[in-house]
Amino acid sequence: MKTFKIGGVHPAENKLSAASPIREAALPKQAVFSMFQHIGAPAKPIVKKGDVVKVGTVIAEAGGFVSAPVHSSVSGTVSKVDVVIDASGTRRQAIFVDVNGDEWEDAIDRSPELVRLSDRPELDAATIINKVKEAGIVGLGGATFPCHVKLSPPPGSKAECVIINAVECEPYLTADHRLMLEHPEEILVGVSLIMKAVSVEKGYIGIENNKPDAIRLMTEKAQAYPNIEIVPLKVKYPQGGEKQLIDAVIGRQVPAPPAIPISVGAVVQNVGTAFAIYQAVMKNKPLVDRIITVTGKSVSNPSNLLARLGTPFQQLIDECGGLPEDSGKIIGGGPMMGKALLNLDVPMTKGSSGLLIMRNDEAKRAEPDPCIRCAKCVSACPMGLEPYLLATLSDKQEWEMAEGNDIVSCIECGSCQFTCPSHRPLLDNIRVGKTTVMGIIRSRAAKK
Amino acid sequence: MKPIISLSPHVHGGDSVQRNMYGVCMALLPALAASLWFFGLGAAIVMLTSVASCVFFEWAIAKFILKRERITITDGSAVLTGMLLGFNLPSNLPIWIIIIGALVAIGIGKMTFGGLGCNPFNPALAGRIFLLISFPVQMTSWPEIKQYMAYTDATTAATPLSLMQTAIATGDASVLEQLPSLEEMLLGAMGGSLGEVSALMLLLGTVFMLWKKIITWHIPVSILGTVAVFSTALHLWNPAYAHPLAVLMSGGLILGACFMATDYVTSPMSHRGQLIYGVCIGLLTVVIRNWGAYPEGMSFAIFTMNAFTPLINTYCKPKRFGEVKK
């Protein structure tokens with residue numbers, strides 16, 4: 001079975017909510033929309049206190065090319081434009097909407113009927129990309145890179161295939177798994193739309209083989225789509241990393257930055273993004289909700305919720321049995337790459353793939369021992385780096401040597417720290433070094 | 001509840017220093033059983049003295065000289081050094097010499113450099129080489145096997161390695177007829193240090209370490225492969241050089257290749273580097289064994305390559321993802 005070639009680890013899967021069907025979360029009393037729900041320039045609010053909005057109303061426009069607009073996910077009245085502490089722990093500009101009823105913009109088609117590509121022969125690449133852009137779609141796997149940018153390859157590069165990331169290699173998370181089981185047809189239409197947008201003839205959907213039911217169903221439904229191939233992959237973290245996925249599926253390795261996936265002819269999108277693109281193009285529905293896995297070993301009812309963006313996490317955990325007594329850490333995302341949250345008032349955003357509650361006893365790190373130079377971090381690193389060395393160089397502030405040892409290639413997957421027998425905070429140090437070295441590189445470029 | 005804030009990853013694989021150190025100790029148990037079987041009381045005394053004094057010296061130095069608050073004798077690394085040192089000694093070695101060996105291994109080999117993870121040379125090897133140079137007579141007279149109740153009074157006999165070197169020095173291949181049979185060598189029925197007897201038991205332990213992912217195959221395979229190829233070539237050229245299987249199974253070759261050269265702290269970090277390190281150890285071992293002053297070249301070969309490890313780490317990087325071949 002296929003997988004990526006260098007390094008990788010296999011954390012305990014803990015897919016507690018895999019058998020739990022997607023259910024709709026209740027509407028919040030107040031929804032909060034951060035202007036920083038994507039990578040790139042922040043969105044600019046275009047509403048003010050007192051404005052009445054519906055589900056799907058644009059409340060903030062894109063702040064640049066690499067940016068995305070924000071739509072209201074609820075109907076009601078704008079109560080204020082203020083700041084909120086978001087999942088990254090930073091104070092961000094945000095729009096607060098007091099919810100009143102559930103009224104949708106008229107243009108949105110809320111019927112469940114499937115619209116196929118053959119029903120809309122007039123669609124061309126430019127129309128699809130424009131729809132995606134207007135719908136505010138970003139990478140829903142968690143990277144939140146504005147989707148239309150990826151669909152518009154830079155001049156001189158040519159896409160050869162579309163690769164859909166349905167790997168869901170993070171432990172605990174099951175949102176993509178459930179989406180495939182419940183909306184396979186919509187996903188396949190979405191993939192066809194992406195292929196049309198970048199005009200390629202070949203699409204792959206990579207799924208790890210810990211989801212045999214999804215592989216079976218998607219393979220069956222994909223019979224009707226001869227250009228889309230379902231690729232079962234061996235379970236290995238971080239297979240959902242863009243570069244690792246391309247290597248696993250088509251056997252090509254994206255060189256070090258500034259090379260990007262399109263350099264080897266691949267356009268990668270998350271399976272949830274494909275579903276959102278289907279809804280945006282075929283149903284005229286902007287990105288106002290998403291599926292989020294709410295889980296944890298002590299959570300009484302681990303679930304996959306279809307929740308409106310801007311819903312506070314407190315409400316989502318309440319729908320799954322409330323915050324357990326023994327909770328120690330709240331994580332936005334999965335346990336390998338997710339962010340620890342300050343509290344449950346943080347609103348859900350476009351990139352919220354999971355809400356993981358860790359028990360107190362799981363949440364504490366062990367005391368680090370000295371590095372015994374066992375080289376397990378080197379074997380685990382999927383980028384072929386030397387984490388022990390990069391961590392030490394960062395700690396000693398040897399930025400030039402860190403750059404020479406390719407610190408900027410680090411994808412921050414955490415495999416090194418996960419595997420370290422001495423429990424050393426390798427990635428903590430490497431992050432500091434990577435950020436500093438990237439800053440040095442930028443300022444060097446600016447001087448030229 | 002006040003949530004704990006820390007950066008990702010939020011989970012850990014559960015590996016620990018103890019798991020690896022005691023894992024290697026476990027892997028050494030079959031070989032220890034074999035040496036108790038062949039050398040009886042002497043083996044037990046040597047092993048117990050070595051382990052106990054290594055642990056004692058680490059504790060004493062950490063507490064009274066370095067004045068550390070956290071004393072790490074439970075991490076298993078001192079126990080492992082003690083076991084490896086014991087495996088490198090003959091079963092008739094007097095207790096006081098063993099204690100000196102342990103003091104050099106832990107005191108000079110490990111703690112002077114800062115303790116676990118900081119030593120440039122394998123501590124057990126440092127102890128062994130110190131003893132070999134300081135007490136050459138006691139360190140190179142090995143008792144005959146199956147003298148169960150004997151210790152320092154055991155009768156000694158020539159080992160396969162000294163026979164091999166005699167054959168080369170005299171050019172007389174008939175000396176090699178005195179070697180034990182290959183089956184005896186595999187099971188360990190021959191003279192030598194504690195850990196130089198049963199190839200089978202050492203390989204069993206190695207398989208355990210590979211299975212538990214304590215070590216990777218790169219270092220043992222590259223050393224054993226190099227020795228096999230080099231000694232096959234010599235044997236074909238001149239039969240006074242012993243059969244390659246006899247070379248592989250005699251002396252400390254397997255112990256060194258699988259347990260000493262694979263020491264985490266003193267071996268290279270990248271797989272490429274580990275292969276270079278292993279090949280060089282293999283070449284040096286055959287050269288020292290056949291043409292050097294000592295019949296056993298394994299420890300000197302590993303010690304020499306330990307010195308090259310930082311250099312290998314600097315120039316031999318793992319293959320980066322997406323690296324373009326130049």
# chains A, B, ... in the order shown; residues from 1 in each chain; ligands from 1
$ residues_around --residues "region 437-441 of chain A" --least-positions-apart "2" --cutoff "7 Å" --atoms "only C-alpha atoms" --output "list in words"
Trp399, Glu403, Val408, Gly433, Lys434, Thr435, Ser443, Arg444 and Ala445 of chain A
$ write_last_selection --atoms "C-alpha atoms" --output "CSV table (one decimal), in the first residue's frame"
chain,number,residue,atom,x,y,z
A,399,TRP,CA,20.7,31.3,13.2
A,403,GLU,CA,19.4,28.2,8.1
A,408,VAL,CA,12.7,26.6,7.1
A,433,GLY,CA,14.4,29.2,15.2
A,434,LYS,CA,12.2,28.8,12.1
A,435,THR,CA,10.4,32.0,12.8
A,443,SER,CA,14.7,41.3,5.7
A,444,ARG,CA,17.7,40.1,3.6
A,445,ALA,CA,15.4,40.0,0.5
$ select_by_dssp --residues "region 202-280 of chain A" --states "helix (DSSP H, G or I)" --output "NGL selection string"
:A and (212-224 or 242-250 or 261-264 or 271-280)
$ write_last_selection --atoms "C-alpha atoms" --output "PDB file, in the first residue's frame"
ATOM      1  CA  PRO A 212     -12.199   0.980   4.984  1.00  0.00           C
ATOM      2  CA  ASP A 213     -15.903   1.889   4.845  1.00  0.00           C
ATOM      3  CA  ALA A 214     -15.120   5.279   3.303  1.00  0.00           C
ATOM      4  CA  ILE A 215     -12.682   3.718   0.805  1.00  0.00           C
ATOM      5  CA  ARG A 216     -15.329   1.174  -0.212  1.00  0.00           C
ATOM      6  CA  LEU A 217     -18.142   3.721  -0.587  1.00  0.00           C
ATOM      7  CA  MET A 218     -16.050   6.310  -2.406  1.00  0.00           C
ATOM      8  CA  THR A 219     -14.625   3.674  -4.766  1.00  0.00           C
ATOM      9  CA  GLU A 220     -18.149   2.490  -5.557  1.00  0.00           C
ATOM     10  CA  LYS A 221     -19.478   6.007  -6.202  1.00  0.00           C
ATOM     11  CA  ALA A 222     -16.377   6.983  -8.166  1.00  0.00           C
ATOM     12  CA  GLN A 223     -17.210   4.317 -10.787  1.00  0.00           C
ATOM     13  CA  ALA A 224     -19.288   6.995 -12.498  1.00  0.00           C
ATOM     14  CA  GLU A 242       0.589  18.535   1.540  1.00  0.00           C
ATOM     15  CA  LYS A 243       4.090  17.463   0.503  1.00  0.00           C
ATOM     16  CA  GLN A 244       3.778  14.049   2.119  1.00  0.00           C
ATOM     17  CA  LEU A 245       0.422  13.452   0.425  1.00  0.00           C
ATOM     18  CA  ILE A 246       1.769  14.318  -3.037  1.00  0.00           C
ATOM     19  CA  ASP A 247       4.707  11.968  -2.449  1.00  0.00           C
ATOM     20  CA  ALA A 248       2.369   9.201  -1.269  1.00  0.00           C
ATOM     21  CA  VAL A 249      -0.144   9.513  -4.108  1.00  0.00           C
ATOM     22  CA  ILE A 250       1.926  10.330  -7.205  1.00  0.00           C
ATOM     23  CA  PRO A 261       3.065  21.821  -4.931  1.00  0.00           C
ATOM     24  CA  ILE A 262       2.277  23.258  -8.372  1.00  0.00           C
ATOM     25  CA  SER A 263       6.025  23.014  -9.113  1.00  0.00           C
ATOM     26  CA  VAL A 264       5.490  19.257  -9.470  1.00  0.00           C
ATOM     27  CA  VAL A 271     -12.044  16.779   1.062  1.00  0.00           C
ATOM     28  CA  GLY A 272     -14.082  19.186   3.197  1.00  0.00           C
ATOM     29  CA  THR A 273     -13.007  21.991   0.874  1.00  0.00           C
ATOM     30  CA  ALA A 274     -14.216  19.959  -2.132  1.00  0.00           C
ATOM     31  CA  PHE A 275     -17.607  19.650  -0.426  1.00  0.00           C
ATOM     32  CA  ALA A 276     -17.691  23.397   0.291  1.00  0.00           C
ATOM     33  CA  ILE A 277     -16.802  24.118  -3.339  1.00  0.00           C
ATOM     34  CA  TYR A 278     -19.699  21.938  -4.463  1.00  0.00           C
ATOM     35  CA  GLN A 279     -22.043  23.888  -2.225  1.00  0.00           C
ATOM     36  CA  ALA A 280     -20.688  27.238  -3.334  1.00  0.00           C
TER      37      ALA A 280
END
$ closest_atom_pairs --of "chain B" --to "chain A" --cutoff "7 Å" --atoms "only C-alpha atoms" --output "JSON lines"
{"residue": "B:Pro3", "atom": "CA", "partner": "A:Lys329", "partner_atom": "CA", "distance": 4.9}
{"residue": "B:Ile4", "atom": "CA", "partner": "A:Lys329", "partner_atom": "CA", "distance": 5.1}
{"residue": "B:Ile5", "atom": "CA", "partner": "A:Ala340", "partner_atom": "CA", "distance": 5.4}
{"residue": "B:Ser6", "atom": "CA", "partner": "A:Ala340", "partner_atom": "CA", "distance": 6.2}
{"residue": "B:Leu7", "atom": "CA", "partner": "A:Lys339", "partner_atom": "CA", "distance": 6.6}
{"residue": "B:Ser8", "atom": "CA", "partner": "A:Met337", "partner_atom": "CA", "distance": 5.3}
{"residue": "B:Pro9", "atom": "CA", "partner": "A:Met336", "partner_atom": "CA", "distance": 4.3}
{"residue": "B:His10", "atom": "CA", "partner": "A:Pro335", "partner_atom": "CA", "distance": 5.0}
{"residue": "B:Val11", "atom": "CA", "partner": "A:Pro335", "partner_atom": "CA", "distance": 6.1}
{"residue": "B:His12", "atom": "CA", "partner": "A:Phe418", "partner_atom": "CA", "distance": 4.4}
{"residue": "B:Gly13", "atom": "CA", "partner": "A:Phe418", "partner_atom": "CA", "distance": 5.3}
{"residue": "B:Asp15", "atom": "CA", "partner": "A:Pro421", "partner_atom": "CA", "distance": 4.6}
{"residue": "B:Ser16", "atom": "CA", "partner": "A:Pro421", "partner_atom": "CA", "distance": 3.9}
{"residue": "B:Val17", "atom": "CA", "partner": "A:Pro421", "partner_atom": "CA", "distance": 5.3}
{"residue": "B:Leu116", "atom": "CA", "partner": "A:Ile372", "partner_atom": "CA", "distance": 6.7}
{"residue": "B:Gly117", "atom": "CA", "partner": "A:Ile372", "partner_atom": "CA", "distance": 4.3}
{"residue": "B:Tyr264", "atom": "CA", "partner": "A:Cys374", "partner_atom": "CA", "distance": 4.6}
{"residue": "B:Val265", "atom": "CA", "partner": "A:Arg373", "partner_atom": "CA", "distance": 5.0}
{"residue": "B:Met269", "atom": "CA", "partner": "A:Ala375", "partner_atom": "CA", "distance": 5.0}
{"residue": "B:Ser270", "atom": "CA", "partner": "A:Val378", "partner_atom": "CA", "distance": 6.7}
{"residue": "B:Pro318", "atom": "CA", "partner": "A:Gly384", "partner_atom": "CA", "distance": 5.8}
{"residue": "B:Lys319", "atom": "CA", "partner": "A:Gly384", "partner_atom": "CA", "distance": 5.6}
{"residue": "B:Arg320", "atom": "CA", "partner": "A:Gly384", "partner_atom": "CA", "distance": 4.2}
{"residue": "B:Phe321", "atom": "CA", "partner": "A:Met383", "partner_atom": "CA", "distance": 4.7}
{"residue": "B:Gly322", "atom": "CA", "partner": "A:Pro255", "partner_atom": "CA", "distance": 4.2}
{"residue": "B:Glu323", "atom": "CA", "partner": "A:Pro255", "partner_atom": "CA", "distance": 6.1}
$ residues_around --residues "region 212-223 of chain B" --least-positions-apart "5" --cutoff "9 Å" --atoms "only C-alpha atoms" --output "NGL selection string"
(:A and (374)) or (:B and (19-21 or 23-24 or 206-207 or 228 or 253-254 or 256-259 or 261-264 or 267 or 271-272 or 274-283))
$ write_last_selection --atoms "N, CA and C atoms" --output "CSV table (one decimal), in the first residue's frame"
chain,number,residue,atom,x,y,z
A,374,CYS,N,19.8,9.4,20.3
A,374,CYS,CA,19.3,8.1,19.8
A,374,CYS,C,19.0,8.1,18.3
B,19,ARG,N,13.1,2.9,29.0
B,19,ARG,CA,12.6,1.8,28.1
B,19,ARG,C,13.7,1.4,27.2
B,20,ASN,N,14.5,2.3,26.6
B,20,ASN,CA,15.6,1.9,25.7
B,20,ASN,C,16.7,1.3,26.5
B,21,MET,N,17.2,1.9,27.6
B,21,MET,CA,18.3,1.4,28.3
B,21,MET,C,18.0,0.0,28.9
B,23,GLY,N,15.8,-1.9,27.9
B,23,GLY,CA,15.5,-2.8,26.7
B,23,GLY,C,16.8,-3.5,26.2
B,24,VAL,N,17.9,-2.7,26.2
B,24,VAL,CA,19.2,-3.2,25.8
B,24,VAL,C,19.7,-4.2,26.8
B,206,THR,N,19.8,-9.1,19.6
B,206,THR,CA,19.8,-8.1,18.6
B,206,THR,C,18.4,-8.1,17.9
B,207,VAL,N,17.9,-9.3,17.6
B,207,VAL,CA,16.6,-9.4,17.0
B,207,VAL,C,15.6,-8.7,17.9
B,228,ALA,N,32.5,-9.7,6.9
B,228,ALA,CA,32.3,-10.9,6.2
B,228,ALA,C,32.9,-10.8,4.8
B,253,LEU,N,33.2,-9.7,18.2
B,253,LEU,CA,32.7,-9.0,17.0
B,253,LEU,C,31.2,-8.7,17.0
B,254,ILE,N,30.4,-9.8,17.4
B,254,ILE,CA,28.9,-9.6,17.4
B,254,ILE,C,28.5,-8.7,18.5
B,256,GLY,N,30.3,-6.4,19.8
B,256,GLY,CA,30.7,-5.0,19.5
B,256,GLY,C,29.8,-4.4,18.4
B,257,ALA,N,29.5,-5.2,17.4
B,257,ALA,CA,28.7,-4.7,16.3
B,257,ALA,C,27.3,-4.4,16.7
B,258,CYS,N,26.7,-5.3,17.5
B,258,CYS,CA,25.3,-5.1,17.9
B,258,CYS,C,25.0,-4.3,19.1
B,259,PHE,N,25.9,-4.4,20.1
B,259,PHE,CA,25.6,-3.7,21.4
B,259,PHE,C,26.5,-2.5,21.7
B,261,ALA,N,28.8,-0.8,19.3
B,261,ALA,CA,28.9,0.3,18.3
B,261,ALA,C,27.5,1.0,18.1
B,262,THR,N,26.4,0.3,18.5
B,262,THR,CA,25.1,0.9,18.4
B,262,THR,C,24.8,1.8,19.5
B,263,ASP,N,25.7,2.0,20.5
B,263,ASP,CA,25.5,2.9,21.6
B,263,ASP,C,25.0,4.3,21.0
B,264,TYR,N,23.8,4.7,21.5
B,264,TYR,CA,23.2,5.9,20.9
B,264,TYR,C,24.2,7.1,20.9
B,267,SER,N,27.3,7.1,18.4
B,267,SER,CA,27.3,6.7,17.0
B,267,SER,C,26.6,7.8,16.2
B,271,HIS,N,21.2,7.8,8.9
B,271,HIS,CA,21.4,6.4,8.5
B,271,HIS,C,22.6,6.3,7.5
B,272,ARG,N,22.8,7.3,6.7
B,272,ARG,CA,23.9,7.3,5.8
B,272,ARG,C,25.2,7.3,6.6
B,274,GLN,N,25.6,6.3,9.7
B,274,GLN,CA,25.7,5.1,10.4
B,274,GLN,C,26.3,4.0,9.5
B,275,LEU,N,26.0,4.0,8.2
B,275,LEU,CA,26.6,3.0,7.3
B,275,LEU,C,28.1,3.3,7.1
B,276,ILE,N,28.5,4.5,7.0
B,276,ILE,CA,29.9,4.8,6.8
B,276,ILE,C,30.6,4.4,8.1
B,277,TYR,N,30.1,4.7,9.2
B,277,TYR,CA,30.7,4.4,10.5
B,277,TYR,C,30.8,2.9,10.6
B,278,GLY,N,29.8,2.1,10.3
B,278,GLY,CA,29.8,0.7,10.4
B,278,GLY,C,30.9,0.1,9.4
B,279,VAL,N,30.9,0.5,8.2
B,279,VAL,CA,31.9,0.0,7.2
B,279,VAL,C,33.3,0.3,7.8
B,280,CYS,N,33.6,1.5,8.3
B,280,CYS,CA,34.9,1.8,8.8
B,280,CYS,C,35.3,0.9,10.0
B,281,ILE,N,34.3,0.7,10.9
B,281,ILE,CA,34.6,-0.2,12.0
B,281,ILE,C,34.9,-1.6,11.5
B,282,GLY,N,34.2,-2.1,10.6
B,282,GLY,CA,34.4,-3.4,10.0
B,282,GLY,C,35.8,-3.5,9.4
B,283,LEU,N,36.2,-2.5,8.6
B,283,LEU,CA,37.6,-2.6,8.0
B,283,LEU,C,38.6,-2.5,9.1
$ residues_around --residues "region 287-300 of chain B" --least-positions-apart "3" --cutoff "7 Å" --atoms "only C-alpha atoms" --output "ChimeraX atom specification"
/B:125,161-162,165,168,251-253,256,283-284,303-304
$ residues_around --residues "region 40-43 of chain B" --least-positions-apart "3" --cutoff "9 Å" --atoms "only C-alpha atoms" --output "number ranges by chain"
B: 32, 35-37, 46-48, 86-87, 90-93, 145-152, 154, 194
$ residues_around --residues "Val55 (chain B)" --least-positions-apart "2" --cutoff "7 Å" --atoms "only C-alpha atoms" --output "compact mmCIF listing (two decimals) with N, CA and C atoms, in the first residue's frame"
# COMPACT_ATOMS: atom_id res chain seq x y z
N VAL B 51 28.46 -4.28 37.41
CA VAL B 51 27.21 -3.49 37.44
C VAL B 51 27.14 -2.68 38.74
N ALA B 52 27.40 -3.33 39.86
CA ALA B 52 27.28 -2.65 41.15
C ALA B 52 28.25 -1.48 41.23
N SER B 53 29.50 -1.67 40.76
CA SER B 53 30.43 -0.55 40.92
C SER B 53 30.13 0.57 39.93
N PHE B 57 29.51 4.27 41.33
CA PHE B 57 30.34 5.42 40.95
C PHE B 57 29.50 6.54 40.34
N GLU B 58 28.49 6.17 39.56
CA GLU B 58 27.66 7.24 38.99
C GLU B 58 26.93 8.00 40.10
N TRP B 59 26.40 7.23 41.05
CA TRP B 59 25.69 7.87 42.17
C TRP B 59 26.65 8.76 42.97
N ILE B 73 20.66 7.47 38.47
CA ILE B 73 21.09 6.08 38.34
C ILE B 73 19.95 5.15 37.97
N ALA B 78 23.65 3.49 33.62
CA ALA B 78 24.80 2.99 34.40
C ALA B 78 24.76 1.47 34.49
N VAL B 79 23.56 0.92 34.65
CA VAL B 79 23.42 -0.54 34.68
C VAL B 79 23.92 -1.12 33.36
$ residues_around --residues "Ala19 (chain A)" --least-positions-apart "5" --cutoff "10 Å" --atoms "only C-alpha atoms" --output "list in words"
Thr174, His177, Arg178, Pro302, Ser303 and Asn304 of chain A
$ atom_distance --atom1 "CA of Gly156 (chain A)" --atom2 "CA of Pro121 (chain A)"
28.1 Å
